[in-house]
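J.: Handing you this structure, nothing more for now.
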Amino acid sequence: MNAPDILARDSIYLADTHQVTNVSRELVDYNMFAQDAALVDAVQREGAAWAQDSLSTFGALTGSAMYLDLGIQANRHPPELDTHDRFGNRVDLVRFHPAYHTLMKTAIENGLHASPWTDPRPGAHVARAARTYLQTQVEAGHGCPITMTFAAVPSLRTTPSLAALWEPKITALSYDPGNVPDAQKAGLTIGMAMTEKQGGSDVRANSTRAYPVGACGAGEAYELVGHKYFVSAPMCDAFLVLAQAPGGLSCFLLPRWRPDGTKNPMQVLRLKRKMGNVSNASSETELRGALAWMVGEEGRGVRTIIEMVAMTRFDCMIGSTAGQRAAVAQALHHCSIRSAFGNVLNQQPLMKNVLADLVLEHEGSLALTMRMARAMDHRADPHEDLLVRLVTAVGKYWICKRTPNHAYESMECIGGSGVMEDSPFPRLFRESPVNAIWEGSGNVQCLDVLRAMQKTPAVVEAFFREVGKARGANASLDRWVAAIKQEFADLSDMEYRARDVVDRMALAIQSALLVQHAPTAVADGFCASRLADGGHRNYGTLPRGVDCAAIIRRATPRA
């Protein structure tokens, strides 16, 4: 055999081992807004139809391969801390990958941090929620400083002198990551530092002390001494902080730099090593006489910061709903391409059951999230304000807690390839528990529901008035709501039963919204699976009669 024949043989037997067939492809270069029918419907329904064109443009960006890769890079290269420069000067500098800064810049230039405050037209919160939902599907971690900047404004407005100084730059459409005093910047970001080691969610146990520099009270200067166990986004330009003033636990605005241009002694000890939310820097700090200004009344720190917390909790709803959409979109896309046992996966009965069930979960989450966005747009209406007070906690608890298993089940639809680190699912799965724990864990949300019911009994009436809008449209829902009313008739050991009650409330309002507004297949499938026979079990256990094919068609992205 001559040399050319030997080379030809080697090519056949050593190189061409197989053809790559029957595999999926990347879900990229699609319009993330236009191909999410549930989102398009919700934006129209909840009062932001005026934003649809700009949302479609933004959805084309967030669905592009280039932009999606930014999320990958921002998590592949986590932030790094330099406590000192090479000469030994204290700098407390956190360095981020350029992809992180690009995501931050895009978010701020599109108003995710401020649009309802700068352009408070009807539907402003709905439009902002939709943009945040799209952006979060690309990358969740940078949403932390965006959310805190957005949420800080209502708290700052309790002290007009501080709001006048800070709000123009907080709401500016300008991102400046420079490590320089705020006076040298056109736009600012705000962080939050509440949690301490000994208290956790019990912020009244905080030990950080605030010492007045001169006069006491709102808008006055104090120096803070203590520690904070969780400071999110330590490169923000200022932070809302809780500390014990002479008159009790109070809220303060603490900038990273003093007015004279010197570094404020808020010293970063270390960055947290988190299982998820990797792109976002979370840190431990010590306050060594850090200069801050009191926000709100002395001794009323929790009351002052509660509006910020309400907004960040709402953004947890948005973020977890976005995580559900990202996960199920990947599963739907894969199963529309991959074949097994002689048929495309999304045509096989059991997989159809699983996929449709995952879609229903997301549809319920999105309907509730966008309904709460509309409530925030109309808080001058007493009914809408009462819904915000109660249902924000209900939704934050339920949606965020449902997301980890949703991410896992979506990953299982992909099979073994979904577990690989070059798949989107490891990041989606690691991110999935974060919102359920941050901004108040499940128990805290349930206790807040009970507290709202006790403090403002009208919230219960508002809740039943809201779900009552669907009365008569679905017999299972009517029975479910009647059973909840029976639960409220007996308030004994309510704290022990709180999770069960809040579970039922969440399913009631999700079902009521879908019955009123979703396609029949979605509404009937949700109620039949979540309300009948005592509630839902594992995904993929939809009862007979659910139109899985229609549910899947509505939700499947095309790329």
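As shown in the structure tokens, the chain order sets the letters A, B, ...; within each chain, residues go from 1, and ligands are also counted from 1 in the order they appear.
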If we count only C-alpha atoms, what is near A:Val546 at a cut-off of 8 Å, once residues fewer than 6 positions away on the same chain are taken out, given as a PyMOL selection string?
T.: chain A and resi 521+524-525
J.: Name the residues in contact with stretch 490-506 of chain A at a cut-off of 7 Å, using only C-alpha atoms, excluding same-chain residues fewer than 4 positions from it; report them as a VMD selection string.
T.: chain A and resid 394 to 395 398 446 484 510
J.: Write the selection just made, keeping N, CA and C atoms, as a PDB file, in the first residue's frame?
T.:
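What landed in result.pdb:
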ATOM      1  N   VAL A 394     -46.705  38.071  49.845  1.00  0.00           N
ATOM      2  CA  VAL A 394     -47.233  36.788  49.365  1.00  0.00           C
ATOM      3  C   VAL A 394     -46.483  36.348  48.107  1.00  0.00           C
ATOM      4  N   GLY A 395     -46.354  37.267  47.162  1.00  0.00           N
ATOM      5  CA  GLY A 395     -45.707  36.938  45.897  1.00  0.00           C
ATOM      6  C   GLY A 395     -44.224  36.669  46.048  1.00  0.00           C
ATOM      7  N   TRP A 398     -43.907  33.128  47.568  1.00  0.00           N
ATOM      8  CA  TRP A 398     -44.309  31.995  46.740  1.00  0.00           C
ATOM      9  C   TRP A 398     -43.462  31.860  45.483  1.00  0.00           C
ATOM     10  N   CYS A 446     -43.876  35.320  55.447  1.00  0.00           N
ATOM     11  CA  CYS A 446     -45.149  34.865  56.010  1.00  0.00           C
ATOM     12  C   CYS A 446     -45.511  35.655  57.269  1.00  0.00           C
ATOM     13  N   ILE A 484     -60.112  29.253  51.986  1.00  0.00           N
ATOM     14  CA  ILE A 484     -59.219  30.233  52.618  1.00  0.00           C
ATOM     15  C   ILE A 484     -59.998  31.093  53.607  1.00  0.00           C
ATOM     16  N   GLN A 510     -53.019  33.956  41.875  1.00  0.00           N
ATOM     17  CA  GLN A 510     -52.510  33.580  40.557  1.00  0.00           C
ATOM     18  C   GLN A 510     -53.629  32.983  39.698  1.00  0.00           C
TER      19      GLN A 510
END
J.: Run DSSP on the backbone and grab whatever in stretch 303-493 of chain A lands in helix (DSSP H, G or I); send it over as a ChimeraX atom specification.
T.: /A:303-335,345-347,349-377,382-414,416-419,425-431,434-437,442-455,458-470,475-489
J.: Find the spatial neighbours of stretch 16-30 of chain A, counting only C-alpha atoms, within a cut-off of 12 Å - ignore same-chain residues fewer than 4 positions away - and output them as a short mmCIF file (atom, residue, chain, number, x, y, z; two decimals) with all heavy atoms, in the first residue's frame.
T.:
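part-v5.cif was written with the following content:
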data_model
loop_
_atom_site.label_atom_id
_atom_site.label_comp_id
_atom_site.auth_asym_id
_atom_site.auth_seq_id
_atom_site.Cartn_x
_atom_site.Cartn_y
_atom_site.Cartn_z
N ALA A 8 -5.24 7.96 3.41
CA ALA A 8 -6.69 7.91 3.21
C ALA A 8 -7.33 6.97 4.21
O ALA A 8 -8.40 7.25 4.78
CB ALA A 8 -7.01 7.47 1.78
N ARG A 9 -6.68 5.80 4.43
CA ARG A 9 -7.20 4.85 5.42
C ARG A 9 -7.23 5.47 6.81
O ARG A 9 -8.21 5.35 7.55
CB ARG A 9 -6.33 3.60 5.41
CG ARG A 9 -6.82 2.52 6.40
CD ARG A 9 -5.71 1.55 6.69
NE ARG A 9 -4.62 2.22 7.40
CZ ARG A 9 -3.44 1.65 7.66
NH1 ARG A 9 -3.19 0.42 7.25
NH2 ARG A 9 -2.51 2.32 8.31
N ASP A 10 -6.14 6.14 7.20
CA ASP A 10 -6.08 6.76 8.53
C ASP A 10 -7.16 7.81 8.70
O ASP A 10 -7.75 7.98 9.77
CB ASP A 10 -4.70 7.39 8.76
CG ASP A 10 -3.62 6.33 8.93
OD1 ASP A 10 -4.00 5.16 9.09
OD2 ASP A 10 -2.43 6.69 8.90
N SER A 11 -7.46 8.55 7.63
CA SER A 11 -8.51 9.57 7.70
C SER A 11 -9.86 8.94 7.98
O SER A 11 -10.65 9.45 8.77
CB SER A 11 -8.54 10.36 6.39
OG SER A 11 -9.64 11.25 6.38
N ILE A 12 -10.10 7.80 7.37
CA ILE A 12 -11.39 7.13 7.55
C ILE A 12 -11.52 6.56 8.95
O ILE A 12 -12.53 6.75 9.64
CB ILE A 12 -11.56 6.01 6.50
CG1 ILE A 12 -11.67 6.63 5.10
CG2 ILE A 12 -12.79 5.16 6.82
CD1 ILE A 12 -11.63 5.60 4.00
N ALA A 34 -40.72 39.94 22.19
CA ALA A 34 -41.77 39.60 21.22
C ALA A 34 -42.12 38.13 21.25
O ALA A 34 -43.25 37.75 20.92
CB ALA A 34 -41.33 40.02 19.81
N GLN A 35 -41.18 37.26 21.65
CA GLN A 35 -41.44 35.83 21.66
C GLN A 35 -41.84 35.31 23.05
O GLN A 35 -41.81 34.11 23.29
CB GLN A 35 -40.21 35.09 21.14
CG GLN A 35 -39.96 35.40 19.66
CD GLN A 35 -38.98 34.47 19.02
OE1 GLN A 35 -38.90 33.29 19.36
NE2 GLN A 35 -38.23 34.97 18.06
N ASP A 36 -42.21 36.21 23.91
CA ASP A 36 -42.74 35.84 25.23
C ASP A 36 -44.19 36.34 25.27
O ASP A 36 -44.48 37.45 25.71
CB ASP A 36 -41.90 36.49 26.32
CG ASP A 36 -42.28 36.04 27.72
OD1 ASP A 36 -43.39 35.50 27.89
OD2 ASP A 36 -41.49 36.25 28.66
N SER A 56 -39.73 45.94 22.69
CA SER A 56 -39.35 45.03 21.62
C SER A 56 -37.91 45.28 21.19
O SER A 56 -37.14 44.34 20.95
CB SER A 56 -40.30 45.18 20.43
OG SER A 56 -40.02 44.22 19.44
N THR A 57 -37.54 46.55 21.10
CA THR A 57 -36.15 46.89 20.77
C THR A 57 -35.21 46.36 21.83
O THR A 57 -34.15 45.78 21.54
CB THR A 57 -35.99 48.41 20.64
OG1 THR A 57 -36.84 48.88 19.58
CG2 THR A 57 -34.55 48.79 20.33
N PHE A 58 -35.60 46.54 23.11
CA PHE A 58 -34.77 46.06 24.21
C PHE A 58 -34.71 44.53 24.21
O PHE A 58 -33.67 43.93 24.49
CB PHE A 58 -35.32 46.58 25.53
CG PHE A 58 -34.40 46.40 26.70
CD1 PHE A 58 -33.19 47.07 26.76
CD2 PHE A 58 -34.74 45.58 27.77
CE1 PHE A 58 -32.32 46.92 27.83
CE2 PHE A 58 -33.89 45.42 28.85
CZ PHE A 58 -32.68 46.09 28.88
N GLY A 59 -35.83 43.88 23.89
CA GLY A 59 -35.87 42.42 23.83
C GLY A 59 -34.98 41.86 22.75
O GLY A 59 -34.40 40.77 22.90
N ALA A 60 -34.84 42.59 21.63
CA ALA A 60 -33.91 42.15 20.58
C ALA A 60 -32.47 42.22 21.08
O ALA A 60 -31.64 41.36 20.77
CB ALA A 60 -34.09 43.00 19.33
N LEU A 61 -32.17 43.25 21.88
CA LEU A 61 -30.82 43.37 22.46
C LEU A 61 -30.56 42.25 23.46
O LEU A 61 -29.54 41.55 23.38
CB LEU A 61 -30.67 44.72 23.14
CG LEU A 61 -29.39 44.90 23.99
CD1 LEU A 61 -28.16 44.89 23.09
CD2 LEU A 61 -29.47 46.19 24.82
N THR A 62 -31.48 42.05 24.41
CA THR A 62 -31.24 41.05 25.45
C THR A 62 -31.21 39.63 24.91
O THR A 62 -30.59 38.75 25.51
CB THR A 62 -32.30 41.15 26.56
OG1 THR A 62 -33.61 40.99 26.01
CG2 THR A 62 -32.21 42.49 27.29
N GLY A 63 -31.83 39.39 23.79
CA GLY A 63 -31.81 38.06 23.18
C GLY A 63 -30.67 37.84 22.21
O GLY A 63 -30.55 36.74 21.65
N SER A 64 -29.84 38.85 21.99
CA SER A 64 -28.76 38.71 21.03
C SER A 64 -27.61 37.89 21.61
O SER A 64 -27.36 37.91 22.83
CB SER A 64 -28.24 40.09 20.60
OG SER A 64 -27.59 40.75 21.70
N ALA A 65 -26.90 37.19 20.75
CA ALA A 65 -25.78 36.37 21.19
C ALA A 65 -24.72 37.21 21.89
O ALA A 65 -24.15 36.80 22.91
CB ALA A 65 -25.17 35.63 20.00
N MET A 66 -24.45 38.40 21.35
CA MET A 66 -23.44 39.27 21.93
C MET A 66 -23.79 39.66 23.35
O MET A 66 -22.95 39.59 24.27
CB MET A 66 -23.30 40.53 21.06
CG MET A 66 -22.40 41.62 21.65
SD MET A 66 -23.24 42.74 22.85
CE MET A 66 -24.52 43.46 21.82
N TYR A 67 -25.05 40.02 23.57
CA TYR A 67 -25.45 40.51 24.89
C TYR A 67 -25.54 39.36 25.89
O TYR A 67 -25.13 39.48 27.05
CB TYR A 67 -26.78 41.24 24.79
CG TYR A 67 -27.02 42.19 25.94
CD1 TYR A 67 -26.26 43.34 26.09
CD2 TYR A 67 -28.02 41.94 26.88
CE1 TYR A 67 -26.48 44.21 27.15
CE2 TYR A 67 -28.24 42.80 27.94
CZ TYR A 67 -27.47 43.94 28.06
OH TYR A 67 -27.67 44.79 29.12
N LEU A 68 -26.06 38.23 25.46
CA LEU A 68 -26.13 37.07 26.35
C LEU A 68 -24.74 36.62 26.80
O LEU A 68 -24.57 36.16 27.93
CB LEU A 68 -26.86 35.92 25.65
CG LEU A 68 -28.38 36.10 25.50
CD1 LEU A 68 -28.94 35.14 24.46
CD2 LEU A 68 -29.08 35.91 26.83
N ASP A 69 -23.76 36.79 25.94
CA ASP A 69 -22.40 36.41 26.31
C ASP A 69 -21.86 37.29 27.44
O ASP A 69 -21.00 36.84 28.22
CB ASP A 69 -21.48 36.49 25.10
CG ASP A 69 -20.10 35.92 25.39
OD1 ASP A 69 -20.01 34.72 25.71
OD2 ASP A 69 -19.11 36.68 25.33
N VAL A 138 -30.59 37.76 31.18
CA VAL A 138 -29.21 37.78 30.69
C VAL A 138 -28.24 37.55 31.85
O VAL A 138 -27.31 36.76 31.76
CB VAL A 138 -28.90 39.12 29.99
CG1 VAL A 138 -27.44 39.17 29.53
CG2 VAL A 138 -29.85 39.32 28.82
N ALA A 326 -36.30 32.11 31.84
CA ALA A 326 -35.03 31.71 31.23
C ALA A 326 -34.90 30.19 31.21
O ALA A 326 -34.45 29.60 30.22
CB ALA A 326 -33.87 32.36 31.97
N ALA A 327 -35.28 29.54 32.31
CA ALA A 327 -35.14 28.09 32.41
C ALA A 327 -36.11 27.36 31.48
O ALA A 327 -35.71 26.45 30.74
CB ALA A 327 -35.36 27.65 33.85
N VAL A 328 -37.36 27.76 31.51
CA VAL A 328 -38.34 27.03 30.69
C VAL A 328 -38.14 27.33 29.22
O VAL A 328 -38.40 26.47 28.36
CB VAL A 328 -39.78 27.32 31.15
CG1 VAL A 328 -40.25 28.70 30.71
CG2 VAL A 328 -40.73 26.24 30.65
N ALA A 329 -37.65 28.53 28.88
CA ALA A 329 -37.36 28.83 27.48
C ALA A 329 -36.27 27.90 26.95
O ALA A 329 -36.35 27.40 25.81
CB ALA A 329 -36.95 30.29 27.32
N GLN A 330 -35.24 27.66 27.76
CA GLN A 330 -34.19 26.73 27.35
C GLN A 330 -34.74 25.32 27.17
O GLN A 330 -34.41 24.62 26.20
CB GLN A 330 -33.07 26.71 28.40
CG GLN A 330 -32.24 27.98 28.48
CD GLN A 330 -31.31 28.15 27.30
OE1 GLN A 330 -30.95 27.18 26.62
NE2 GLN A 330 -30.89 29.38 27.06
N ALA A 331 -35.59 24.88 28.10
CA ALA A 331 -36.17 23.54 28.00
C ALA A 331 -37.06 23.40 26.77
O ALA A 331 -36.99 22.41 26.03
CB ALA A 331 -36.95 23.22 29.27
N LEU A 332 -37.90 24.40 26.55
CA LEU A 332 -38.80 24.37 25.39
C LEU A 332 -38.01 24.37 24.08
O LEU A 332 -38.34 23.63 23.14
CB LEU A 332 -39.73 25.58 25.43
CG LEU A 332 -40.80 25.57 26.52
CD1 LEU A 332 -41.40 26.97 26.69
CD2 LEU A 332 -41.91 24.56 26.22
N HIS A 333 -36.99 25.20 24.02
CA HIS A 333 -36.17 25.29 22.82
C HIS A 333 -35.50 23.94 22.53
O HIS A 333 -35.56 23.43 21.40
CB HIS A 333 -35.14 26.39 23.02
CG HIS A 333 -34.11 26.49 21.94
ND1 HIS A 333 -34.41 26.92 20.67
CD2 HIS A 333 -32.77 26.21 21.94
CE1 HIS A 333 -33.31 26.91 19.92
NE2 HIS A 333 -32.31 26.48 20.67
N HIS A 334 -34.87 23.38 23.52
CA HIS A 334 -34.18 22.09 23.36
C HIS A 334 -35.16 21.00 22.92
O HIS A 334 -34.88 20.23 21.99
CB HIS A 334 -33.52 21.71 24.68
CG HIS A 334 -32.93 20.34 24.68
ND1 HIS A 334 -31.65 20.07 24.25
CD2 HIS A 334 -33.44 19.13 25.08
CE1 HIS A 334 -31.40 18.78 24.36
NE2 HIS A 334 -32.46 18.18 24.86
N CYS A 335 -36.29 20.95 23.57
CA CYS A 335 -37.24 19.85 23.31
C CYS A 335 -38.00 20.04 22.00
O CYS A 335 -38.67 19.11 21.54
CB CYS A 335 -38.22 19.73 24.48
SG CYS A 335 -37.45 19.14 26.00
N SER A 336 -37.88 21.21 21.38
CA SER A 336 -38.47 21.39 20.05
C SER A 336 -37.53 20.92 18.95
O SER A 336 -37.93 20.85 17.78
CB SER A 336 -38.82 22.86 19.83
OG SER A 336 -37.64 23.66 19.69
N ILE A 337 -36.28 20.60 19.31
CA ILE A 337 -35.26 20.20 18.34
C ILE A 337 -34.85 18.75 18.52
O ILE A 337 -34.73 17.99 17.55
CB ILE A 337 -34.03 21.12 18.46
CG1 ILE A 337 -34.41 22.59 18.18
CG2 ILE A 337 -32.90 20.66 17.56
CD1 ILE A 337 -33.33 23.58 18.53
N ARG A 338 -34.65 18.35 19.74
CA ARG A 338 -34.09 17.04 20.07
C ARG A 338 -35.14 15.93 19.89
O ARG A 338 -36.30 16.09 20.32
CB ARG A 338 -33.62 17.04 21.51
CG ARG A 338 -33.09 15.73 22.04
CD ARG A 338 -31.67 15.49 21.65
NE ARG A 338 -31.08 14.40 22.43
CZ ARG A 338 -29.84 13.96 22.24
NH1 ARG A 338 -29.07 14.52 21.32
NH2 ARG A 338 -29.37 12.97 22.97
N SER A 339 -34.73 14.82 19.29
CA SER A 339 -35.60 13.65 19.15
C SER A 339 -35.09 12.50 20.00
O SER A 339 -33.89 12.40 20.26
CB SER A 339 -35.67 13.20 17.68
OG SER A 339 -36.28 14.18 16.88
N ALA A 340 -35.99 11.66 20.43
CA ALA A 340 -35.62 10.44 21.16
C ALA A 340 -36.74 9.43 20.97
O ALA A 340 -37.92 9.79 20.94
CB ALA A 340 -35.41 10.72 22.64
N PHE A 341 -36.36 8.18 20.82
CA PHE A 341 -37.34 7.10 20.70
C PHE A 341 -38.34 7.35 19.58
O PHE A 341 -39.52 7.07 19.68
CB PHE A 341 -38.07 6.88 22.03
CG PHE A 341 -37.14 6.74 23.20
CD1 PHE A 341 -37.13 7.71 24.21
CD2 PHE A 341 -36.25 5.68 23.29
CE1 PHE A 341 -36.26 7.60 25.28
CE2 PHE A 341 -35.39 5.56 24.37
CZ PHE A 341 -35.39 6.53 25.36
N GLY A 342 -37.82 7.98 18.50
CA GLY A 342 -38.63 8.09 17.30
C GLY A 342 -39.47 9.34 17.17
O GLY A 342 -40.24 9.44 16.20
N ASN A 343 -39.35 10.29 18.08
CA ASN A 343 -40.18 11.49 17.96
C ASN A 343 -39.49 12.67 18.64
O ASN A 343 -38.68 12.50 19.56
CB ASN A 343 -41.55 11.26 18.58
CG ASN A 343 -42.62 12.13 17.95
OD1 ASN A 343 -42.32 13.05 17.18
ND2 ASN A 343 -43.87 11.85 18.28
N VAL A 344 -39.83 13.88 18.18
CA VAL A 344 -39.32 15.10 18.83
C VAL A 344 -39.83 15.10 20.26
O VAL A 344 -40.97 14.73 20.55
CB VAL A 344 -39.79 16.35 18.07
CG1 VAL A 344 -39.29 17.62 18.77
CG2 VAL A 344 -39.28 16.31 16.63
N LEU A 345 -38.98 15.56 21.19
CA LEU A 345 -39.31 15.46 22.62
C LEU A 345 -40.61 16.18 22.97
O LEU A 345 -41.41 15.67 23.77
CB LEU A 345 -38.16 16.02 23.46
CG LEU A 345 -36.90 15.17 23.53
CD1 LEU A 345 -35.81 15.90 24.28
CD2 LEU A 345 -37.19 13.82 24.19
N ILE A 414 -33.24 18.85 29.72
CA ILE A 414 -32.09 18.86 28.82
C ILE A 414 -31.33 17.54 28.93
O ILE A 414 -30.70 17.09 27.98
CB ILE A 414 -31.15 20.04 29.17
CG1 ILE A 414 -31.93 21.36 29.22
CG2 ILE A 414 -29.99 20.14 28.19
CD1 ILE A 414 -32.59 21.75 27.95
N GLY A 415 -31.36 16.94 30.11
CA GLY A 415 -30.60 15.71 30.33
C GLY A 415 -29.20 16.02 30.84
O GLY A 415 -28.94 17.09 31.39
N SER A 417 -26.47 16.92 29.46
CA SER A 417 -25.80 18.12 28.96
C SER A 417 -26.17 19.35 29.78
O SER A 417 -25.40 20.31 29.85
CB SER A 417 -26.15 18.35 27.49
OG SER A 417 -25.68 17.29 26.69
N GLY A 418 -27.34 19.33 30.39
CA GLY A 418 -27.75 20.48 31.19
C GLY A 418 -26.94 20.68 32.44
O GLY A 418 -26.88 21.78 32.99
N ASP A 422 -20.79 24.40 30.71
CA ASP A 422 -20.94 25.24 29.53
C ASP A 422 -22.41 25.37 29.11
O ASP A 422 -22.72 25.99 28.09
CB ASP A 422 -20.09 24.73 28.36
CG ASP A 422 -20.37 23.27 28.01
OD1 ASP A 422 -21.24 22.65 28.65
OD2 ASP A 422 -19.70 22.75 27.09
N SER A 423 -23.30 24.81 29.92
CA SER A 423 -24.74 24.99 29.74
C SER A 423 -25.20 26.19 30.59
O SER A 423 -24.56 26.53 31.59
CB SER A 423 -25.48 23.73 30.19
OG SER A 423 -26.83 24.00 30.51
N PRO A 424 -26.30 26.83 30.24
CA PRO A 424 -26.82 27.92 31.09
C PRO A 424 -27.34 27.43 32.44
O PRO A 424 -27.47 28.23 33.37
CB PRO A 424 -27.98 28.50 30.26
CG PRO A 424 -27.81 27.98 28.89
CD PRO A 424 -27.10 26.66 29.02
N THR A 556 -43.08 28.62 23.49
CA THR A 556 -41.81 28.20 22.89
C THR A 556 -41.17 29.33 22.09
O THR A 556 -41.80 29.86 21.16
CB THR A 556 -42.02 26.98 21.98
OG1 THR A 556 -42.56 25.90 22.75
CG2 THR A 556 -40.70 26.53 21.36
N PRO A 557 -39.92 29.71 22.41
CA PRO A 557 -39.23 30.73 21.62
C PRO A 557 -38.74 30.15 20.31
O PRO A 557 -38.49 28.94 20.20
CB PRO A 557 -38.05 31.14 22.51
CG PRO A 557 -37.78 29.92 23.33
CD PRO A 557 -39.11 29.23 23.53
N ARG A 558 -38.58 30.99 19.31
CA ARG A 558 -38.13 30.55 18.00
C ARG A 558 -36.80 31.25 17.69
O ARG A 558 -36.75 32.47 17.52
CB ARG A 558 -39.18 30.88 16.93
CG ARG A 558 -40.52 30.24 17.18
CD ARG A 558 -41.58 30.76 16.23
NE ARG A 558 -41.75 32.21 16.30
CZ ARG A 558 -42.42 32.83 17.25
NH1 ARG A 558 -43.00 32.14 18.24
NH2 ARG A 558 -42.54 34.15 17.25
N ALA A 559 -35.75 30.46 17.61
CA ALA A 559 -34.42 31.03 17.33
C ALA A 559 -33.72 30.19 16.28
O ALA A 559 -33.98 29.00 16.13
CB ALA A 559 -33.59 31.06 18.59
#
J.: Applying 9 Å and only C-alpha atoms, which residues near A:Ser155 remain after dropping the ones on its own chain fewer than 2 positions away? List them as a PyMOL selection string.
T.: chain A and resi 151-153+157-159+163+240+295-296+304-308
J.: Pull C-alpha atoms from the residues just selected and write them as a CSV table (one decimal), in the first residue's frame.
T.:
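This is the output file selection.csv:
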chain,number,residue,atom,x,y,z
A,151,ALA,CA,-35.6,51.3,45.8
A,152,ALA,CA,-33.6,53.9,47.8
A,153,VAL,CA,-35.6,56.9,46.4
A,157,ARG,CA,-37.8,61.3,50.1
A,158,THR,CA,-38.7,61.1,53.8
A,159,THR,CA,-36.0,63.7,54.3
A,163,ALA,CA,-33.4,63.9,48.5
A,240,LEU,CA,-28.6,53.1,53.4
A,295,VAL,CA,-32.8,59.6,56.9
A,296,GLY,CA,-36.3,59.9,58.4
A,304,THR,CA,-38.1,54.7,57.0
A,305,ILE,CA,-36.4,51.8,55.2
A,306,ILE,CA,-39.5,49.7,54.8
A,307,GLU,CA,-40.5,51.3,51.5
A,308,MET,CA,-37.0,50.4,50.2
J.: Residues near stretch 222-224 of chain A, anyone? I mean within 12 Å using only C-alpha atoms, not counting same-chain ones fewer than 6 positions away, as a PyMOL selection string.
T.: chain A and resi 207-216+241-246+250-255+258+264-266+286-295+298
J.: How many Å lie between atom CA of A:Arg530 and atom CA of A:Leu507, rounded to one decimal?
T.: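 Distance reported for this atom pair: 7.2 Å.
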J.: Identify, with DSSP run on backbone atoms, the residues in stretch 285-454 of chain A assigned to strand (DSSP E), and express the list as a VMD selection string.
T.: chain A and resid 285 to 295 339 to 340 343 to 344
J.: With N, CA and C atoms retained, export the selected residues as a PDB file, in the first residue's frame.
T.:
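Below you can see selection-v4.pdb, which holds the result:
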ATOM      1  N   THR A 285     -18.110  44.367  56.222  1.00  0.00           N
ATOM      2  CA  THR A 285     -17.443  45.647  56.437  1.00  0.00           C
ATOM      3  C   THR A 285     -17.399  45.997  57.917  1.00  0.00           C
ATOM      4  N   GLU A 286     -16.506  46.894  58.234  1.00  0.00           N
ATOM      5  CA  GLU A 286     -16.477  47.534  59.544  1.00  0.00           C
ATOM      6  C   GLU A 286     -16.546  49.042  59.361  1.00  0.00           C
ATOM      7  N   LEU A 287     -17.338  49.667  60.220  1.00  0.00           N
ATOM      8  CA  LEU A 287     -17.515  51.123  60.189  1.00  0.00           C
ATOM      9  C   LEU A 287     -16.711  51.711  61.349  1.00  0.00           C
ATOM     10  N   ARG A 288     -15.725  52.516  61.017  1.00  0.00           N
ATOM     11  CA  ARG A 288     -14.814  53.046  62.027  1.00  0.00           C
ATOM     12  C   ARG A 288     -14.955  54.567  62.104  1.00  0.00           C
ATOM     13  N   GLY A 289     -16.146  54.994  62.550  1.00  0.00           N
ATOM     14  CA  GLY A 289     -16.424  56.421  62.589  1.00  0.00           C
ATOM     15  C   GLY A 289     -16.846  56.969  61.236  1.00  0.00           C
ATOM     16  N   ALA A 290     -17.570  56.159  60.462  1.00  0.00           N
ATOM     17  CA  ALA A 290     -17.983  56.549  59.120  1.00  0.00           C
ATOM     18  C   ALA A 290     -19.059  57.633  59.193  1.00  0.00           C
ATOM     19  N   LEU A 291     -18.867  58.685  58.425  1.00  0.00           N
ATOM     20  CA  LEU A 291     -19.793  59.820  58.425  1.00  0.00           C
ATOM     21  C   LEU A 291     -21.057  59.463  57.647  1.00  0.00           C
ATOM     22  N   ALA A 292     -22.215  59.767  58.235  1.00  0.00           N
ATOM     23  CA  ALA A 292     -23.503  59.457  57.605  1.00  0.00           C
ATOM     24  C   ALA A 292     -24.533  60.492  58.048  1.00  0.00           C
ATOM     25  N   TRP A 293     -25.613  60.580  57.304  1.00  0.00           N
ATOM     26  CA  TRP A 293     -26.679  61.531  57.604  1.00  0.00           C
ATOM     27  C   TRP A 293     -27.983  60.780  57.862  1.00  0.00           C
ATOM     28  N   MET A 294     -28.692  61.192  58.907  1.00  0.00           N
ATOM     29  CA  MET A 294     -29.923  60.494  59.278  1.00  0.00           C
ATOM     30  C   MET A 294     -31.018  60.705  58.246  1.00  0.00           C
ATOM     31  N   VAL A 295     -31.659  59.598  57.882  1.00  0.00           N
ATOM     32  CA  VAL A 295     -32.784  59.608  56.949  1.00  0.00           C
ATOM     33  C   VAL A 295     -34.046  59.281  57.743  1.00  0.00           C
ATOM     34  N   SER A 339     -34.732  14.821  19.290  1.00  0.00           N
ATOM     35  CA  SER A 339     -35.604  13.651  19.146  1.00  0.00           C
ATOM     36  C   SER A 339     -35.085  12.504  19.999  1.00  0.00           C
ATOM     37  N   ALA A 340     -35.989  11.661  20.435  1.00  0.00           N
ATOM     38  CA  ALA A 340     -35.624  10.445  21.158  1.00  0.00           C
ATOM     39  C   ALA A 340     -36.743   9.426  20.972  1.00  0.00           C
ATOM     40  N   ASN A 343     -39.346  10.292  18.081  1.00  0.00           N
ATOM     41  CA  ASN A 343     -40.177  11.493  17.961  1.00  0.00           C
ATOM     42  C   ASN A 343     -39.493  12.667  18.642  1.00  0.00           C
ATOM     43  N   VAL A 344     -39.828  13.881  18.180  1.00  0.00           N
ATOM     44  CA  VAL A 344     -39.321  15.096  18.833  1.00  0.00           C
ATOM     45  C   VAL A 344     -39.829  15.104  20.263  1.00  0.00           C
TER      46      VAL A 344
END
J.: Which residues, written as an MDAnalysis selection string, have at least one atom at most 10 Å from A:Ser161, with only C-alpha atoms counted and residues fewer than 5 positions away on the same chain left out?
T.: chainID A and resid 156 166 218:220 295
